[in-house]
Structure formats: structure tokens, C-alpha cells
Amino acid sequence: MKDSSLLENPGGEKKILLHCCCAPCSGSIIRSMIDQGLDVTVFFYNPNIYPRAEYEHRKSEVVRYVQKARVPFVDADYDDDRWLEMTRGHEEESERGPRCSLCFEMRLRRTAAYAAKEGFRVFTTSLGISRWKDLEQVTRAGKRAAGLFPGTVYWEHNWRLQGGTEQMERIAREENFYRQRYCGCLYSLRESIKRSLSKLSDVQRTS
Ligand code: SF4
């Protein structure tokens, strides 16, 4: 069990806006914040997720958890057209490349804008807890977003440490969260399908 007393929220700020990418990644972070007595609000802005049914499914899992935890939830837009427009020309890039920087920045910019408008000084994200993500890339996007909205601070914290990864896995199991098999966008879905087909043909070749 993570010792949530080890969290160091910037300036001791209690009111936190947490951008959530999905339930498995956010469960542990929400739990830790509650345990520390922080006043957390969950912000769901993920227009990268494709297709729409997948987006709704991931969102409903977050809603299920925040309702149980009695945490306020903000449902931001699904402006997927804007996301597709913004990532045009980056369709063939691999994960952790420039397209992912654009994707993180778009989501965290919207989070910072909401924080500034609604009086949250501190915001952060669940994006960096996954070992599949480049934490430095997420942190750069968060700091850049905060820089655009004076008065906001990006809480850069490695949520994987101090038992965070283990707690994330335990809560995901206990809550029986839906576990997606790709990061979120159309291009990551395509890569995931390619990987599965390649594994299948390997199995067929060796059997
Ligand atoms: S792979 Fe993930 S982080 Fe990268 S662009 Fe797609 S959805 Fe965004």
C-alpha cells in the first residue's frame, strides 16, 4: 500500500485538478490524493481516443470510480476533429514521438485553461503513471501548458514511485477496470492490430 503521506503537492495546495486519461491509470492517483486529504477534481479531456465507442467506454469507467469515491468530475469536449487536424502529417510516427507530444500538449493545455478559469492553482495528469509513456515528455507538456496560463502550476510527480505502480495494478484488479489494449488514437490502434497479426502469423509459422 502506497504511503500517500509522501506526496508533496506544490505549495501545500489542497485543491487539485487531475487530468485523467483512463480509469486504470487514475485509480491509484485519485486514491492517494484522497488519502492525503486533497480536494481533487477529475478532468476528462481525451479527444485522441478512437473510436467514439472506445472513448465512451473509457470515460464511463472513470465515472464509475469517481462516483464511488465521491470525487467531482468534469466532462470536457470530445473534439476529435480538432485532434485529427492537429496531428495531421504525424500519422506514421511511432509512440513516444512528436505526435505524442502534440497529443499531451493539447490535452494538458485544455486542463490548464480550465484550471485558470475555475480557480485551481495546481493541476496534474495521470498520463505519466503508465510505463508505456515517456514521463519526461508528459512533464514537458504539463509545464508548457502551465506556462501558457499564468497563476497555474503543473505538479510534476512520478506517480510510479513509492508503490504507485503496484497500487495502480491492485486497484485496477479490485475495481475490475476495463484494460484497453492500445494507447488511444487511431494510429496506436493500427499499431496494436499490426502487432497482434504479426504474433498470430509467428504462431502459425511455428505450429
Ligand atoms: S499514441 Fe497515445 S499519446 Fe501518442 S498520439 Fe496516440 S493517443 Fe496520443
# chains A, B, ... in the order shown; residues from 1 in each chain; ligands from 1
call {"tool": "residues_near_ligand", "arguments": {"ligand": "ligand 1", "cutoff": "10 Å", "atoms": "only C-alpha atoms and all ligand atoms", "output": "PyMOL selection string"}}
result
chain A and resi 21+46-50+83-84+87+90-91+93-107+127+132-134+137-138+182-189+191
call {"tool": "residues_around", "arguments": {"residues": "region 169-181 of chain A", "least_positions_apart": "3", "cutoff": "7 Å", "atoms": "only C-alpha atoms", "output": "NGL selection string"}}
result
:A and (23-24 or 27-28 or 61 or 165-166)
call {"tool": "closest_residue", "arguments": {"among": "A:Ser196, A:Thr125, A:Ser32, A:Ser207", "to": "Ala69 (chain A)", "atoms": "only C-alpha atoms"}}
result
A:Ser32
call {"tool": "select_by_dssp", "arguments": {"residues": "region 16-205 of chain A", "states": "alpha helix (DSSP H)", "output": "number ranges by chain"}}
result
A: 23-35, 52-69, 80-86, 98-118, 135-148, 164-174, 186-205
call {"tool": "closest_atom_pairs", "arguments": {"of": "region 6-58 of chain A", "to": "region 113-116 of chain A", "cutoff": "10 Å", "atoms": "only C-alpha atoms", "output": "CSV"}}
result
residue,atom,partner,partner_atom,distance
A:Ile16,CA,A:Ala115,CA,8.8
A:Leu17,CA,A:Ala115,CA,6.7
A:Leu18,CA,A:Ala115,CA,9.6
A:Phe43,CA,A:Tyr114,CA,8.9
call {"tool": "residues_around", "arguments": {"residues": "Val62 (chain A)", "least_positions_apart": "3", "cutoff": "8 Å", "atoms": "only C-alpha atoms", "output": "ChimeraX atom specification"}}
result
/A:20,22-23,26,58-59,65-66
call {"tool": "atom_distance", "arguments": {"atom1": "CA of Glu85 (chain A)", "atom2": "CA of Arg140 (chain A)"}}
result
21.9 Å
call {"tool": "decode", "arguments": {"residues": "region 45-95 of chain A", "atoms": "N, CA and C atoms", "output": "compact mmCIF listing (two decimals), in the first residue's frame"}}
result
# COMPACT_ATOMS: atom_id res chain seq x y z
N TYR A 45 -10.52 14.98 -20.47
CA TYR A 45 -10.42 15.58 -21.82
C TYR A 45 -9.45 14.74 -22.64
N ASN A 46 -10.00 13.88 -23.49
CA ASN A 46 -9.20 12.92 -24.24
C ASN A 46 -9.76 12.70 -25.65
N PRO A 47 -9.72 13.76 -26.48
CA PRO A 47 -10.29 13.63 -27.83
C PRO A 47 -9.43 12.79 -28.76
N ASN A 48 -8.29 12.31 -28.24
CA ASN A 48 -7.42 11.41 -29.01
C ASN A 48 -8.03 10.02 -29.14
N ILE A 49 -8.94 9.66 -28.21
CA ILE A 49 -9.40 8.26 -28.16
C ILE A 49 -10.32 7.94 -29.34
N TYR A 50 -9.99 6.84 -29.99
CA TYR A 50 -10.73 6.40 -31.18
C TYR A 50 -11.06 4.92 -31.05
N PRO A 51 -12.23 4.48 -31.48
CA PRO A 51 -13.36 5.26 -31.97
C PRO A 51 -14.20 5.83 -30.80
N ARG A 52 -15.28 6.48 -31.15
CA ARG A 52 -16.11 7.12 -30.14
C ARG A 52 -16.60 6.14 -29.06
N ALA A 53 -16.93 4.91 -29.49
CA ALA A 53 -17.42 3.91 -28.53
C ALA A 53 -16.34 3.60 -27.49
N GLU A 54 -15.09 3.55 -27.93
CA GLU A 54 -13.98 3.29 -27.01
C GLU A 54 -13.84 4.47 -26.03
N TYR A 55 -13.99 5.68 -26.57
CA TYR A 55 -13.93 6.89 -25.73
C TYR A 55 -15.01 6.82 -24.63
N GLU A 56 -16.23 6.49 -25.04
CA GLU A 56 -17.33 6.45 -24.07
C GLU A 56 -17.09 5.36 -23.02
N HIS A 57 -16.54 4.25 -23.48
CA HIS A 57 -16.28 3.15 -22.54
C HIS A 57 -15.23 3.54 -21.50
N ARG A 58 -14.12 4.15 -21.97
CA ARG A 58 -13.06 4.55 -21.03
C ARG A 58 -13.60 5.62 -20.07
N LYS A 59 -14.40 6.54 -20.62
CA LYS A 59 -14.95 7.60 -19.76
C LYS A 59 -15.89 7.01 -18.71
N SER A 60 -16.72 6.06 -19.12
CA SER A 60 -17.69 5.50 -18.17
C SER A 60 -16.99 4.77 -17.02
N GLU A 61 -15.82 4.20 -17.29
CA GLU A 61 -15.06 3.53 -16.23
C GLU A 61 -14.53 4.55 -15.21
N VAL A 62 -14.10 5.71 -15.72
CA VAL A 62 -13.63 6.77 -14.81
C VAL A 62 -14.82 7.28 -13.98
N VAL A 63 -15.95 7.48 -14.65
CA VAL A 63 -17.15 7.98 -13.95
C VAL A 63 -17.57 7.00 -12.85
N ARG A 64 -17.53 5.73 -13.17
CA ARG A 64 -17.90 4.70 -12.19
C ARG A 64 -17.03 4.84 -10.93
N TYR A 65 -15.74 5.05 -11.12
CA TYR A 65 -14.82 5.13 -9.97
C TYR A 65 -15.00 6.44 -9.20
N VAL A 66 -15.13 7.57 -9.91
CA VAL A 66 -15.23 8.85 -9.18
C VAL A 66 -16.56 8.95 -8.43
N GLN A 67 -17.58 8.32 -8.97
CA GLN A 67 -18.87 8.35 -8.24
C GLN A 67 -18.73 7.59 -6.93
N LYS A 68 -18.06 6.45 -7.01
CA LYS A 68 -17.85 5.64 -5.81
C LYS A 68 -16.97 6.40 -4.80
N ALA A 69 -15.97 7.10 -5.31
CA ALA A 69 -15.05 7.83 -4.43
C ALA A 69 -15.57 9.21 -4.05
N ARG A 70 -16.73 9.60 -4.61
CA ARG A 70 -17.34 10.92 -4.35
C ARG A 70 -16.39 12.05 -4.70
N VAL A 71 -15.86 11.96 -5.90
CA VAL A 71 -14.95 12.99 -6.40
C VAL A 71 -15.64 13.75 -7.54
N PRO A 72 -15.58 15.08 -7.55
CA PRO A 72 -16.19 15.83 -8.66
C PRO A 72 -15.55 15.48 -10.00
N PHE A 73 -16.38 15.47 -11.02
CA PHE A 73 -15.94 15.05 -12.37
C PHE A 73 -16.32 16.11 -13.39
N VAL A 74 -15.37 16.50 -14.22
CA VAL A 74 -15.64 17.47 -15.29
C VAL A 74 -15.48 16.75 -16.62
N ASP A 75 -16.55 16.76 -17.39
CA ASP A 75 -16.56 16.09 -18.69
C ASP A 75 -16.29 17.14 -19.77
N ALA A 76 -15.08 17.15 -20.30
CA ALA A 76 -14.75 18.15 -21.33
C ALA A 76 -15.13 17.60 -22.71
N ASP A 77 -14.87 18.39 -23.73
CA ASP A 77 -15.35 18.03 -25.08
C ASP A 77 -14.68 16.80 -25.67
N TYR A 78 -15.37 16.21 -26.63
CA TYR A 78 -14.75 15.17 -27.48
C TYR A 78 -14.58 15.81 -28.86
N ASP A 79 -13.64 16.74 -28.93
CA ASP A 79 -13.44 17.41 -30.23
C ASP A 79 -12.37 16.67 -31.04
N ASP A 80 -12.76 15.47 -31.46
CA ASP A 80 -11.82 14.61 -32.17
C ASP A 80 -11.39 15.18 -33.52
N ASP A 81 -12.25 15.98 -34.14
CA ASP A 81 -11.87 16.60 -35.42
C ASP A 81 -10.65 17.51 -35.22
N ARG A 82 -10.66 18.22 -34.12
CA ARG A 82 -9.55 19.13 -33.82
C ARG A 82 -8.28 18.34 -33.57
N TRP A 83 -8.44 17.21 -32.86
CA TRP A 83 -7.26 16.37 -32.57
C TRP A 83 -6.67 15.83 -33.88
N LEU A 84 -7.54 15.35 -34.77
CA LEU A 84 -7.07 14.79 -36.04
C LEU A 84 -6.38 15.87 -36.87
N GLU A 85 -6.95 17.06 -36.86
CA GLU A 85 -6.37 18.18 -37.61
C GLU A 85 -4.99 18.53 -37.04
N MET A 86 -4.90 18.55 -35.72
CA MET A 86 -3.65 18.94 -35.08
C MET A 86 -2.53 17.93 -35.33
N THR A 87 -2.89 16.66 -35.49
CA THR A 87 -1.86 15.63 -35.66
C THR A 87 -1.65 15.26 -37.14
N ARG A 88 -2.29 16.02 -38.01
CA ARG A 88 -2.13 15.76 -39.46
C ARG A 88 -0.64 15.84 -39.82
N GLY A 89 -0.20 14.87 -40.62
CA GLY A 89 1.22 14.84 -41.02
C GLY A 89 2.07 14.00 -40.06
N HIS A 90 1.47 13.54 -38.97
CA HIS A 90 2.23 12.75 -37.98
C HIS A 90 1.69 11.33 -37.89
N GLU A 91 0.92 10.92 -38.90
CA GLU A 91 0.20 9.64 -38.85
C GLU A 91 1.13 8.43 -38.74
N GLU A 92 2.32 8.53 -39.34
CA GLU A 92 3.20 7.36 -39.40
C GLU A 92 4.22 7.31 -38.26
N GLU A 93 4.18 8.29 -37.38
CA GLU A 93 5.18 8.32 -36.30
C GLU A 93 4.88 7.24 -35.26
N SER A 94 5.95 6.79 -34.61
CA SER A 94 5.75 5.77 -33.58
C SER A 94 5.40 6.43 -32.25
N GLU A 95 4.94 5.61 -31.32
CA GLU A 95 4.59 6.14 -29.99
C GLU A 95 5.84 6.70 -29.33
